[in-house]
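Trainee: I am sharing coords_15.pdb, which consists of PDB, C-alpha atoms:
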MODEL        1
ATOM      1  CA  ASP A 299      36.729 232.236 156.914  1.00  0.00           C
ATOM      2  CA  ALA A 300      35.003 228.874 156.684  1.00  0.00           C
ATOM      3  CA  PHE A 301      36.346 228.147 153.206  1.00  0.00           C
ATOM      4  CA  SER A 302      39.940 228.749 154.297  1.00  0.00           C
ATOM      5  CA  TYR A 303      39.656 226.539 157.369  1.00  0.00           C
ATOM      6  CA  SER A 304      37.984 223.791 155.361  1.00  0.00           C
ATOM      7  CA  SER A 305      40.603 224.000 152.620  1.00  0.00           C
ATOM      8  CA  ARG A 306      43.427 223.797 155.140  1.00  0.00           C
ATOM      9  CA  GLY A 307      41.657 220.865 156.749  1.00  0.00           C
ATOM     10  CA  SER A 308      41.652 219.063 153.417  1.00  0.00           C
ATOM     11  CA  ALA A 309      45.388 219.745 153.069  1.00  0.00           C
ATOM     12  CA  TYR A 310      46.007 218.314 156.537  1.00  0.00           C
ATOM     13  CA  SER A 311      43.912 215.286 155.653  1.00  0.00           C
ATOM     14  CA  TYR A 312      45.928 214.717 152.477  1.00  0.00           C
ATOM     15  CA  LEU A 313      49.105 214.804 154.567  1.00  0.00           C
ATOM     16  CA  GLY A 314      47.706 212.319 157.077  1.00  0.00           C
ATOM     17  CA  GLU A 315      47.417 214.929 159.839  1.00  0.00           C
ATOM     18  CA  TYR A 316      43.920 213.839 160.748  1.00  0.00           C
ATOM     19  CA  ASP A 317      43.533 215.514 164.141  1.00  0.00           C
ATOM     20  CA  ASP A 318      44.522 218.860 162.649  1.00  0.00           C
ATOM     21  CA  ALA A 319      42.167 218.271 159.717  1.00  0.00           C
ATOM     22  CA  ILE A 320      39.195 217.580 161.985  1.00  0.00           C
ATOM     23  CA  ALA A 321      40.088 220.625 164.075  1.00  0.00           C
ATOM     24  CA  ASP A 322      40.053 222.846 160.989  1.00  0.00           C
ATOM     25  CA  TYR A 323      36.785 221.446 159.700  1.00  0.00           C
ATOM     26  CA  THR A 324      35.312 222.087 163.132  1.00  0.00           C
ATOM     27  CA  ARG A 325      36.639 225.664 163.077  1.00  0.00           C
ATOM     28  CA  ALA A 326      35.023 226.155 159.673  1.00  0.00           C
ATOM     29  CA  ILE A 327      31.694 225.012 161.096  1.00  0.00           C
ATOM     30  CA  LYS A 328      32.041 227.350 164.075  1.00  0.00           C
ATOM     31  CA  VAL A 329      32.625 230.247 161.684  1.00  0.00           C
ATOM     32  CA  ASP A 330      29.701 229.249 159.463  1.00  0.00           C
ATOM     33  CA  SER A 331      27.347 226.645 160.858  1.00  0.00           C
ATOM     34  CA  GLU A 332      25.659 226.311 157.451  1.00  0.00           C
ATOM     35  CA  TYR A 333      28.821 225.553 155.451  1.00  0.00           C
ATOM     36  CA  LYS A 334      27.838 222.152 154.081  1.00  0.00           C
ATOM     37  CA  TYR A 335      31.242 221.351 152.615  1.00  0.00           C
ATOM     38  CA  ALA A 336      32.917 221.369 156.021  1.00  0.00           C
ATOM     39  CA  TYR A 337      30.354 218.891 157.348  1.00  0.00           C
ATOM     40  CA  ARG A 338      30.825 216.670 154.317  1.00  0.00           C
ATOM     41  CA  ASN A 339      34.648 216.865 154.497  1.00  0.00           C
ATOM     42  CA  ARG A 340      34.683 216.099 158.196  1.00  0.00           C
ATOM     43  CA  ALA A 341      32.259 213.234 157.595  1.00  0.00           C
ATOM     44  CA  ASP A 342      34.492 211.795 154.860  1.00  0.00           C
ATOM     45  CA  LEU A 343      37.431 211.826 157.242  1.00  0.00           C
ATOM     46  CA  TYR A 344      35.402 210.317 160.080  1.00  0.00           C
ATOM     47  CA  SER A 345      34.447 207.507 157.684  1.00  0.00           C
ATOM     48  CA  ASP A 346      38.074 206.966 156.695  1.00  0.00           C
ATOM     49  CA  LEU A 347      38.876 206.696 160.408  1.00  0.00           C
ATOM     50  CA  GLU A 348      35.985 204.208 160.840  1.00  0.00           C
ATOM     51  CA  ASN A 349      34.115 206.628 163.104  1.00  0.00           C
ATOM     52  CA  TYR A 350      30.905 205.917 161.261  1.00  0.00           C
ATOM     53  CA  GLU A 351      28.410 207.280 163.756  1.00  0.00           C
ATOM     54  CA  ASP A 352      29.971 210.745 163.721  1.00  0.00           C
ATOM     55  CA  ALA A 353      30.266 210.519 159.947  1.00  0.00           C
ATOM     56  CA  ILE A 354      26.554 209.784 159.612  1.00  0.00           C
ATOM     57  CA  SER A 355      25.747 212.724 161.876  1.00  0.00           C
ATOM     58  CA  ASP A 356      27.808 215.110 159.725  1.00  0.00           C
ATOM     59  CA  TYR A 357      26.439 213.770 156.442  1.00  0.00           C
ATOM     60  CA  THR A 358      22.930 214.174 157.823  1.00  0.00           C
ATOM     61  CA  ARG A 359      23.625 217.793 158.734  1.00  0.00           C
ATOM     62  CA  ALA A 360      25.008 218.454 155.237  1.00  0.00           C
ATOM     63  CA  ILE A 361      21.831 216.954 153.754  1.00  0.00           C
ATOM     64  CA  GLU A 362      19.659 219.098 156.007  1.00  0.00           C
ATOM     65  CA  LEU A 363      21.476 222.129 154.635  1.00  0.00           C
ATOM     66  CA  ASP A 364      21.185 220.938 151.033  1.00  0.00           C
ATOM     67  CA  PRO A 365      18.606 218.186 150.378  1.00  0.00           C
ATOM     68  CA  GLU A 366      20.012 217.803 146.828  1.00  0.00           C
ATOM     69  CA  TYR A 367      23.583 217.116 147.996  1.00  0.00           C
ATOM     70  CA  LYS A 368      24.190 213.826 146.208  1.00  0.00           C
ATOM     71  CA  TYR A 369      27.718 213.341 147.556  1.00  0.00           C
ATOM     72  CA  ALA A 370      26.471 213.530 151.135  1.00  0.00           C
ATOM     73  CA  TYR A 371      23.829 210.901 150.428  1.00  0.00           C
ATOM     74  CA  VAL A 372      26.428 208.563 148.947  1.00  0.00           C
ATOM     75  CA  GLY A 373      28.851 209.237 151.772  1.00  0.00           C
ATOM     76  CA  ARG A 374      26.196 208.471 154.358  1.00  0.00           C
ATOM     77  CA  GLY A 375      25.221 205.394 152.380  1.00  0.00           C
ATOM     78  CA  ASN A 376      28.811 204.185 152.482  1.00  0.00           C
ATOM     79  CA  ALA A 377      28.933 204.715 156.237  1.00  0.00           C
ATOM     80  CA  TYR A 378      25.703 202.763 156.666  1.00  0.00           C
ATOM     81  CA  SER A 379      27.107 200.024 154.456  1.00  0.00           C
ATOM     82  CA  ASP A 380      30.305 199.826 156.497  1.00  0.00           C
ATOM     83  CA  LEU A 381      28.097 199.333 159.572  1.00  0.00           C
ATOM     84  CA  GLY A 382      26.244 196.512 157.801  1.00  0.00           C
ATOM     85  CA  ASN A 383      23.059 198.566 157.492  1.00  0.00           C
ATOM     86  CA  TYR A 384      22.572 197.819 153.815  1.00  0.00           C
ATOM     87  CA  GLU A 385      18.900 198.782 153.612  1.00  0.00           C
ATOM     88  CA  ASP A 386      19.581 202.349 154.751  1.00  0.00           C
ATOM     89  CA  ALA A 387      22.625 202.433 152.472  1.00  0.00           C
ATOM     90  CA  ILE A 388      20.490 201.477 149.479  1.00  0.00           C
ATOM     91  CA  SER A 389      17.949 204.136 150.405  1.00  0.00           C
ATOM     92  CA  ASP A 390      20.647 206.816 150.394  1.00  0.00           C
ATOM     93  CA  TYR A 391      22.217 205.596 147.146  1.00  0.00           C
ATOM     94  CA  THR A 392      18.776 205.647 145.564  1.00  0.00           C
ATOM     95  CA  ARG A 393      18.251 209.246 146.678  1.00  0.00           C
ATOM     96  CA  ALA A 394      21.569 210.204 145.087  1.00  0.00           C
ATOM     97  CA  ILE A 395      20.539 208.494 141.845  1.00  0.00           C
ATOM     98  CA  ARG A 396      17.222 210.344 141.822  1.00  0.00           C
ATOM     99  CA  ILE A 397      19.165 213.590 142.060  1.00  0.00           C
ATOM    100  CA  ASP A 398      21.629 212.507 139.354  1.00  0.00           C
ATOM    101  CA  PRO A 399      20.419 209.574 137.216  1.00  0.00           C
ATOM    102  CA  ASP A 400      23.878 209.321 135.598  1.00  0.00           C
ATOM    103  CA  TYR A 401      25.795 209.005 138.860  1.00  0.00           C
ATOM    104  CA  ASP A 402      27.821 205.899 137.963  1.00  0.00           C
ATOM    105  CA  TYR A 403      29.487 205.543 141.358  1.00  0.00           C
ATOM    106  CA  ALA A 404      26.127 205.500 143.143  1.00  0.00           C
ATOM    107  CA  TYR A 405      24.958 202.627 140.958  1.00  0.00           C
ATOM    108  CA  ARG A 406      28.144 200.702 141.647  1.00  0.00           C
ATOM    109  CA  VAL A 407      28.013 201.012 145.424  1.00  0.00           C
ATOM    110  CA  ARG A 408      24.281 200.289 145.443  1.00  0.00           C
ATOM    111  CA  GLY A 409      25.133 197.155 143.482  1.00  0.00           C
ATOM    112  CA  ASP A 410      27.625 196.248 146.216  1.00  0.00           C
ATOM    113  CA  ALA A 411      24.941 196.694 148.873  1.00  0.00           C
ATOM    114  CA  TYR A 412      22.459 194.593 146.917  1.00  0.00           C
ATOM    115  CA  SER A 413      25.111 191.886 146.609  1.00  0.00           C
ATOM    116  CA  ASP A 414      25.721 191.984 150.361  1.00  0.00           C
ATOM    117  CA  LEU A 415      21.973 191.435 150.808  1.00  0.00           C
ATOM    118  CA  GLU A 416      22.179 188.502 148.330  1.00  0.00           C
ATOM    119  CA  ASN A 417      19.915 190.376 145.908  1.00  0.00           C
ATOM    120  CA  TYR A 418      22.079 189.413 142.976  1.00  0.00           C
ATOM    121  CA  GLU A 419      19.733 190.346 140.133  1.00  0.00           C
ATOM    122  CA  ASP A 420      19.501 193.943 141.312  1.00  0.00           C
ATOM    123  CA  ALA A 421      23.247 193.973 141.937  1.00  0.00           C
ATOM    124  CA  ILE A 422      23.965 192.939 138.368  1.00  0.00           C
ATOM    125  CA  ALA A 423      21.455 195.477 137.049  1.00  0.00           C
ATOM    126  CA  ASP A 424      23.200 198.271 138.952  1.00  0.00           C
ATOM    127  CA  TYR A 425      26.693 197.221 137.875  1.00  0.00           C
ATOM    128  CA  THR A 426      25.441 197.082 134.298  1.00  0.00           C
ATOM    129  CA  ARG A 427      23.955 200.553 134.574  1.00  0.00           C
ATOM    130  CA  ALA A 428      27.226 201.898 135.988  1.00  0.00           C
ATOM    131  CA  ILE A 429      29.110 200.360 133.080  1.00  0.00           C
ATOM    132  CA  ARG A 430      26.735 201.863 130.525  1.00  0.00           C
ATOM    133  CA  ILE A 431      27.373 205.296 132.006  1.00  0.00           C
ATOM    134  CA  LYS A 432      31.121 204.724 132.386  1.00  0.00           C
ATOM    135  CA  PRO A 433      32.340 202.060 129.930  1.00  0.00           C
ATOM    136  CA  ASP A 434      35.856 201.967 131.405  1.00  0.00           C
ATOM    137  CA  TYR A 435      34.614 201.267 134.950  1.00  0.00           C
ATOM    138  CA  ALA A 436      36.955 198.410 135.816  1.00  0.00           C
ATOM    139  CA  ILE A 437      35.723 197.782 139.363  1.00  0.00           C
ATOM    140  CA  ALA A 438      32.120 197.577 138.159  1.00  0.00           C
ATOM    141  CA  TYR A 439      33.113 194.857 135.684  1.00  0.00           C
ATOM    142  CA  TYR A 440      35.105 193.108 138.409  1.00  0.00           C
ATOM    143  CA  ASN A 441      32.338 193.231 141.006  1.00  0.00           C
ATOM    144  CA  ARG A 442      29.786 192.026 138.461  1.00  0.00           C
ATOM    145  CA  GLY A 443      32.162 189.209 137.624  1.00  0.00           C
ATOM    146  CA  LEU A 444      32.325 188.230 141.287  1.00  0.00           C
ATOM    147  CA  VAL A 445      28.549 188.022 141.462  1.00  0.00           C
ATOM    148  CA  TYR A 446      28.381 185.957 138.283  1.00  0.00           C
ATOM    149  CA  GLY A 447      31.153 183.604 139.359  1.00  0.00           C
ATOM    150  CA  GLN A 448      30.870 183.261 143.112  1.00  0.00           C
ATOM    151  CA  ARG A 449      27.123 183.710 143.603  1.00  0.00           C
ATOM    152  CA  LEU A 450      25.395 182.616 140.411  1.00  0.00           C
ATOM    153  CA  ASN A 451      27.934 180.053 139.172  1.00  0.00           C
ATOM    154  CA  ASN A 452      27.910 181.656 135.728  1.00  0.00           C
ATOM    155  CA  LEU A 453      31.610 181.211 135.173  1.00  0.00           C
ATOM    156  CA  GLU A 454      31.632 182.178 131.500  1.00  0.00           C
ATOM    157  CA  GLU A 455      30.146 185.606 132.262  1.00  0.00           C
ATOM    158  CA  ALA A 456      32.525 185.963 135.200  1.00  0.00           C
ATOM    159  CA  ILE A 457      35.539 185.315 132.968  1.00  0.00           C
ATOM    160  CA  SER A 458      34.208 187.803 130.424  1.00  0.00           C
ATOM    161  CA  ASP A 459      33.864 190.521 133.060  1.00  0.00           C
ATOM    162  CA  PHE A 460      37.259 189.839 134.628  1.00  0.00           C
ATOM    163  CA  THR A 461      38.777 190.031 131.154  1.00  0.00           C
ATOM    164  CA  ARG A 462      37.147 193.400 130.532  1.00  0.00           C
ATOM    165  CA  ALA A 463      38.423 194.672 133.877  1.00  0.00           C
ATOM    166  CA  ILE A 464      41.946 193.554 132.977  1.00  0.00           C
ATOM    167  CA  LYS A 465      41.794 195.260 129.576  1.00  0.00           C
ATOM    168  CA  ILE A 466      40.932 198.510 131.349  1.00  0.00           C
ATOM    169  CA  ASN A 467      43.469 197.983 134.135  1.00  0.00           C
ATOM    170  CA  PRO A 468      46.283 195.566 133.143  1.00  0.00           C
ATOM    171  CA  ASP A 469      47.557 195.563 136.757  1.00  0.00           C
ATOM    172  CA  TYR A 470      44.258 194.388 138.244  1.00  0.00           C
ATOM    173  CA  THR A 471      45.694 191.607 140.399  1.00  0.00           C
ATOM    174  CA  ALA A 472      42.412 190.366 141.843  1.00  0.00           C
ATOM    175  CA  ALA A 473      40.868 190.134 138.379  1.00  0.00           C
ATOM    176  CA  PHE A 474      43.717 187.901 137.209  1.00  0.00           C
ATOM    177  CA  SER A 475      43.477 185.606 140.230  1.00  0.00           C
ATOM    178  CA  ASN A 476      39.698 185.303 140.080  1.00  0.00           C
ATOM    179  CA  ARG A 477      39.719 184.759 136.329  1.00  0.00           C
ATOM    180  CA  GLY A 478      42.272 182.025 136.841  1.00  0.00           C
ATOM    181  CA  TYR A 479      40.111 180.331 139.432  1.00  0.00           C
ATOM    182  CA  ALA A 480      37.029 180.523 137.202  1.00  0.00           C
ATOM    183  CA  LYS A 481      39.022 179.014 134.328  1.00  0.00           C
ATOM    184  CA  LYS A 482      40.230 176.243 136.628  1.00  0.00           C
ATOM    185  CA  LEU A 483      36.655 175.364 137.577  1.00  0.00           C
ATOM    186  CA  LEU A 484      35.752 175.174 133.880  1.00  0.00           C
ATOM    187  CA  GLY A 485      38.734 172.991 133.059  1.00  0.00           C
ATOM    188  CA  LEU A 486      40.400 175.728 131.003  1.00  0.00           C
ATOM    189  CA  PRO A 487      44.103 176.705 131.099  1.00  0.00           C
ATOM    190  CA  TYR A 488      44.520 178.983 134.070  1.00  0.00           C
ATOM    191  CA  CYS A 489      48.146 178.959 135.223  1.00  0.00           C
ATOM    192  CA  SER A 490      49.086 182.070 133.258  1.00  0.00           C
ATOM    193  CA  ASP A 491      46.525 184.085 135.217  1.00  0.00           C
ATOM    194  CA  TYR A 492      47.834 182.836 138.548  1.00  0.00           C
ATOM    195  CA  LYS A 493      51.373 183.613 137.419  1.00  0.00           C
ATOM    196  CA  GLU A 494      50.446 187.149 136.358  1.00  0.00           C
ATOM    197  CA  ALA A 495      48.641 187.779 139.639  1.00  0.00           C
ATOM    198  CA  CYS A 496      51.695 186.455 141.473  1.00  0.00           C
ATOM    199  CA  ASN A 497      53.993 188.741 139.482  1.00  0.00           C
ATOM    200  CA  LEU A 498      51.754 191.653 140.472  1.00  0.00           C
ATOM    201  CA  GLY A 499      52.247 190.861 144.151  1.00  0.00           C
ATOM    202  CA  ASN A 500      49.353 188.563 145.059  1.00  0.00           C
ATOM    203  CA  GLU A 501      50.936 186.127 147.534  1.00  0.00           C
ATOM    204  CA  SER A 502      47.943 183.775 147.511  1.00  0.00           C
ATOM    205  CA  ALA A 503      48.183 183.520 143.728  1.00  0.00           C
ATOM    206  CA  CYS A 504      51.877 182.656 144.112  1.00  0.00           C
ATOM    207  CA  GLU A 505      50.918 179.799 146.420  1.00  0.00           C
ATOM    208  CA  TRP A 506      48.236 178.575 144.014  1.00  0.00           C
ATOM    209  CA  TYR A 507      50.658 178.763 141.093  1.00  0.00           C
ATOM    210  CA  ASN A 508      53.309 176.827 142.993  1.00  0.00           C
ATOM    211  CA  ASP A 509      50.806 174.195 144.129  1.00  0.00           C
ATOM    212  CA  ASP A 510      48.963 173.722 140.832  1.00  0.00           C
ATOM    213  CA  CYS A 511      51.286 174.723 138.043  1.00  0.00           C
ATOM    214  CA  LYS A 512      54.764 173.497 138.916  1.00  0.00           C
TER     215      LYS A 512
ENDMDL
END
What is this file in structure tokens?
Mentor:
Amino acid sequence: DAFSYSSRGSAYSYLGEYDDAIADYTRAIKVDSEYKYAYRNRADLYSDLENYEDAISDYTRAIELDPEYKYAYVGRGNAYSDLGNYEDAISDYTRAIRIDPDYDYAYRVRGDAYSDLENYEDAIADYTRAIRIKPDYAIAYYNRGLVYGQRLNNLEEAISDFTRAIKINPDYTAAFSNRGYAKKLLGLPYCSDYKEACNLGNESACEWYNDDCK
């Protein structure tokens, strides 16, 4: 049945057998043309394979079958975003949020799209909302820190957000390197952050540490 084909497709996808996964999702759809999960699963895989047009088509079909399918809206939004179509991405993220006002991931990715459009106030508002819903959302802190530091030149807030991201995820290499750079711009001690990022495998941070701190 459609469920069995779709489930096996997901197993193939997990194993990296993408052609077999797509074939099984397609079989599921042939068995039941209204099985929304097969469309969404195939769309997710198409997106992972950077086949965004086919992904959008499958997400759209899933939405036609279930207009309240928040995951399909976010998936289609991500595909639009990967194509640089940030306005349509924001529209889809907003639809997902209307369906589920506590959908933290939708706020975060909408914040990313706003940032890509240089709408930094709305980006920060969305990252902040995501954090309120999910207080341990490390990437939301990190992305908000990037906007504060790289776009708004508010280095103190950037350092604060990078620090929060590191407390949640002590192996957050990019947060260490960016916090170090923000500290450097403020004339604060920063070499320990570069060193930690280097120890975590960030080759650029190793170069910066060797150039600035030895």
Trainee: Have a look at A:Asp424, A:Glu419, A:Asp330, A:Asp317 and name the one nearest to Leu363 (chain A); count only C-alpha atoms.
Mentor: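 Selected residue with least distance to Leu363 (chain A): A:Asp330.
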Trainee: Expanded to explicit residues, what is the PyMOL selection byres ((chain A and resi 360) around 9) for this file, as an MDAnalysis selection string?
Mentor: chainID A and resid 332:338 355:359 361:365 367 370
Trainee: Would you output that residue set with C-alpha atoms, as a PDB file, in the coordinates of the input?
Mentor:
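Output below, filename out16.pdb:
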ATOM      1  CA  GLU A 332      25.659 226.311 157.451  1.00  0.00           C
ATOM      2  CA  TYR A 333      28.821 225.553 155.451  1.00  0.00           C
ATOM      3  CA  LYS A 334      27.838 222.152 154.081  1.00  0.00           C
ATOM      4  CA  TYR A 335      31.242 221.351 152.615  1.00  0.00           C
ATOM      5  CA  ALA A 336      32.917 221.369 156.021  1.00  0.00           C
ATOM      6  CA  TYR A 337      30.354 218.891 157.348  1.00  0.00           C
ATOM      7  CA  ARG A 338      30.825 216.670 154.317  1.00  0.00           C
ATOM      8  CA  SER A 355      25.747 212.724 161.876  1.00  0.00           C
ATOM      9  CA  ASP A 356      27.808 215.110 159.725  1.00  0.00           C
ATOM     10  CA  TYR A 357      26.439 213.770 156.442  1.00  0.00           C
ATOM     11  CA  THR A 358      22.930 214.174 157.823  1.00  0.00           C
ATOM     12  CA  ARG A 359      23.625 217.793 158.734  1.00  0.00           C
ATOM     13  CA  ILE A 361      21.831 216.954 153.754  1.00  0.00           C
ATOM     14  CA  GLU A 362      19.659 219.098 156.007  1.00  0.00           C
ATOM     15  CA  LEU A 363      21.476 222.129 154.635  1.00  0.00           C
ATOM     16  CA  ASP A 364      21.185 220.938 151.033  1.00  0.00           C
ATOM     17  CA  PRO A 365      18.606 218.186 150.378  1.00  0.00           C
ATOM     18  CA  TYR A 367      23.583 217.116 147.996  1.00  0.00           C
ATOM     19  CA  ALA A 370      26.471 213.530 151.135  1.00  0.00           C
TER      20      ALA A 370
END
Trainee: Care to translate the PyMOL selection byres ((chain A and resi 466) around 12) into actual residues of this file, as a PyMOL selection string?
Mentor: chain A and resi 432-440+459-465+467-470+473
Trainee: Name the residues in contact with Tyr371 (chain A) at a cut-off of 10 Å, using only C-alpha atoms, excluding same-chain residues fewer than 2 positions from it; report them as an MDAnalysis selection string.
Mentor: chainID A and resid 338 354 357:358 360:361 365:369 373:377 387 389:395 397 404
Trainee: I'd like the interatomic distance between CA of Trp506 (chain A) and CA of Glu454 (chain A), to a tenth of an Å.
Mentor: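 CA of Trp506 (chain A) sits 21.1 Å away from CA of Glu454 (chain A).
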Trainee: Considering only C-alpha atoms, return as a PDB file with C-alpha atoms, keeping the file's coordinate frame whatever protein or nucleic-acid residues lie within 9 Å of Glu494 (chain A), sequence-local ones (same chain, fewer than 3 positions apart) excluded.
Mentor:
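Result file follows (around-v5.pdb):
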ATOM      1  CA  ASP A 469      47.557 195.563 136.757  1.00  0.00           C
ATOM      2  CA  THR A 471      45.694 191.607 140.399  1.00  0.00           C
ATOM      3  CA  PHE A 474      43.717 187.901 137.209  1.00  0.00           C
ATOM      4  CA  SER A 475      43.477 185.606 140.230  1.00  0.00           C
ATOM      5  CA  CYS A 489      48.146 178.959 135.223  1.00  0.00           C
ATOM      6  CA  SER A 490      49.086 182.070 133.258  1.00  0.00           C
ATOM      7  CA  ASP A 491      46.525 184.085 135.217  1.00  0.00           C
ATOM      8  CA  ASN A 497      53.993 188.741 139.482  1.00  0.00           C
ATOM      9  CA  LEU A 498      51.754 191.653 140.472  1.00  0.00           C
ATOM     10  CA  GLY A 499      52.247 190.861 144.151  1.00  0.00           C
ATOM     11  CA  ASN A 500      49.353 188.563 145.059  1.00  0.00           C
ATOM     12  CA  ALA A 503      48.183 183.520 143.728  1.00  0.00           C
TER      13      ALA A 503
END
Trainee: Using only C-alpha atoms - which residues lie no farther than 12 Å from the point (35.7, 204.9, 159.9) in the file's frame? Write them as a PyMOL selection string.
Mentor: chain A and resi 340-354+373-374+376-381
Trainee: Got a sec to resolve the PyMOL selection byres ((chain A and resi 307) around 12) on this structure and send the residues as a PyMOL selection string?
Mentor: chain A and resi 300-306+308-327+335-340+342-343
Trainee: Could the residues in this selection be written to a file with C-alpha atoms, as an mmCIF file, in the coordinates of the input?
Mentor:
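Produced file part_13.cif, reproduced below:
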data_model
loop_
_atom_site.group_PDB
_atom_site.id
_atom_site.type_symbol
_atom_site.label_atom_id
_atom_site.label_comp_id
_atom_site.auth_asym_id
_atom_site.auth_seq_id
_atom_site.Cartn_x
_atom_site.Cartn_y
_atom_site.Cartn_z
ATOM 1 C CA ALA A 300 35.003 228.874 156.684
ATOM 2 C CA PHE A 301 36.346 228.147 153.206
ATOM 3 C CA SER A 302 39.940 228.749 154.297
ATOM 4 C CA TYR A 303 39.656 226.539 157.369
ATOM 5 C CA SER A 304 37.984 223.791 155.361
ATOM 6 C CA SER A 305 40.603 224.000 152.620
ATOM 7 C CA ARG A 306 43.427 223.797 155.140
ATOM 8 C CA SER A 308 41.652 219.063 153.417
ATOM 9 C CA ALA A 309 45.388 219.745 153.069
ATOM 10 C CA TYR A 310 46.007 218.314 156.537
ATOM 11 C CA SER A 311 43.912 215.286 155.653
ATOM 12 C CA TYR A 312 45.928 214.717 152.477
ATOM 13 C CA LEU A 313 49.105 214.804 154.567
ATOM 14 C CA GLY A 314 47.706 212.319 157.077
ATOM 15 C CA GLU A 315 47.417 214.929 159.839
ATOM 16 C CA TYR A 316 43.920 213.839 160.748
ATOM 17 C CA ASP A 317 43.533 215.514 164.141
ATOM 18 C CA ASP A 318 44.522 218.860 162.649
ATOM 19 C CA ALA A 319 42.167 218.271 159.717
ATOM 20 C CA ILE A 320 39.195 217.580 161.985
ATOM 21 C CA ALA A 321 40.088 220.625 164.075
ATOM 22 C CA ASP A 322 40.053 222.846 160.989
ATOM 23 C CA TYR A 323 36.785 221.446 159.700
ATOM 24 C CA THR A 324 35.312 222.087 163.132
ATOM 25 C CA ARG A 325 36.639 225.664 163.077
ATOM 26 C CA ALA A 326 35.023 226.155 159.673
ATOM 27 C CA ILE A 327 31.694 225.012 161.096
ATOM 28 C CA TYR A 335 31.242 221.351 152.615
ATOM 29 C CA ALA A 336 32.917 221.369 156.021
ATOM 30 C CA TYR A 337 30.354 218.891 157.348
ATOM 31 C CA ARG A 338 30.825 216.670 154.317
ATOM 32 C CA ASN A 339 34.648 216.865 154.497
ATOM 33 C CA ARG A 340 34.683 216.099 158.196
ATOM 34 C CA ASP A 342 34.492 211.795 154.860
ATOM 35 C CA LEU A 343 37.431 211.826 157.242
#
Trainee: Would you work out the distance separating CA of Ala421 (chain A) from CA of Leu486 (chain A), expressed in Å to one decimal?
Mentor: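 So the two atoms, CA of Ala421 (chain A) and CA of Leu486 (chain A), lie 27.3 Å apart.
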Trainee: For a test of reading the model, state the distance in Å between CA of Ala456 (chain A) and CA of Leu444 (chain A), rounded to one decimal.
Mentor: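 Those two atoms sit 6.5 Å apart.
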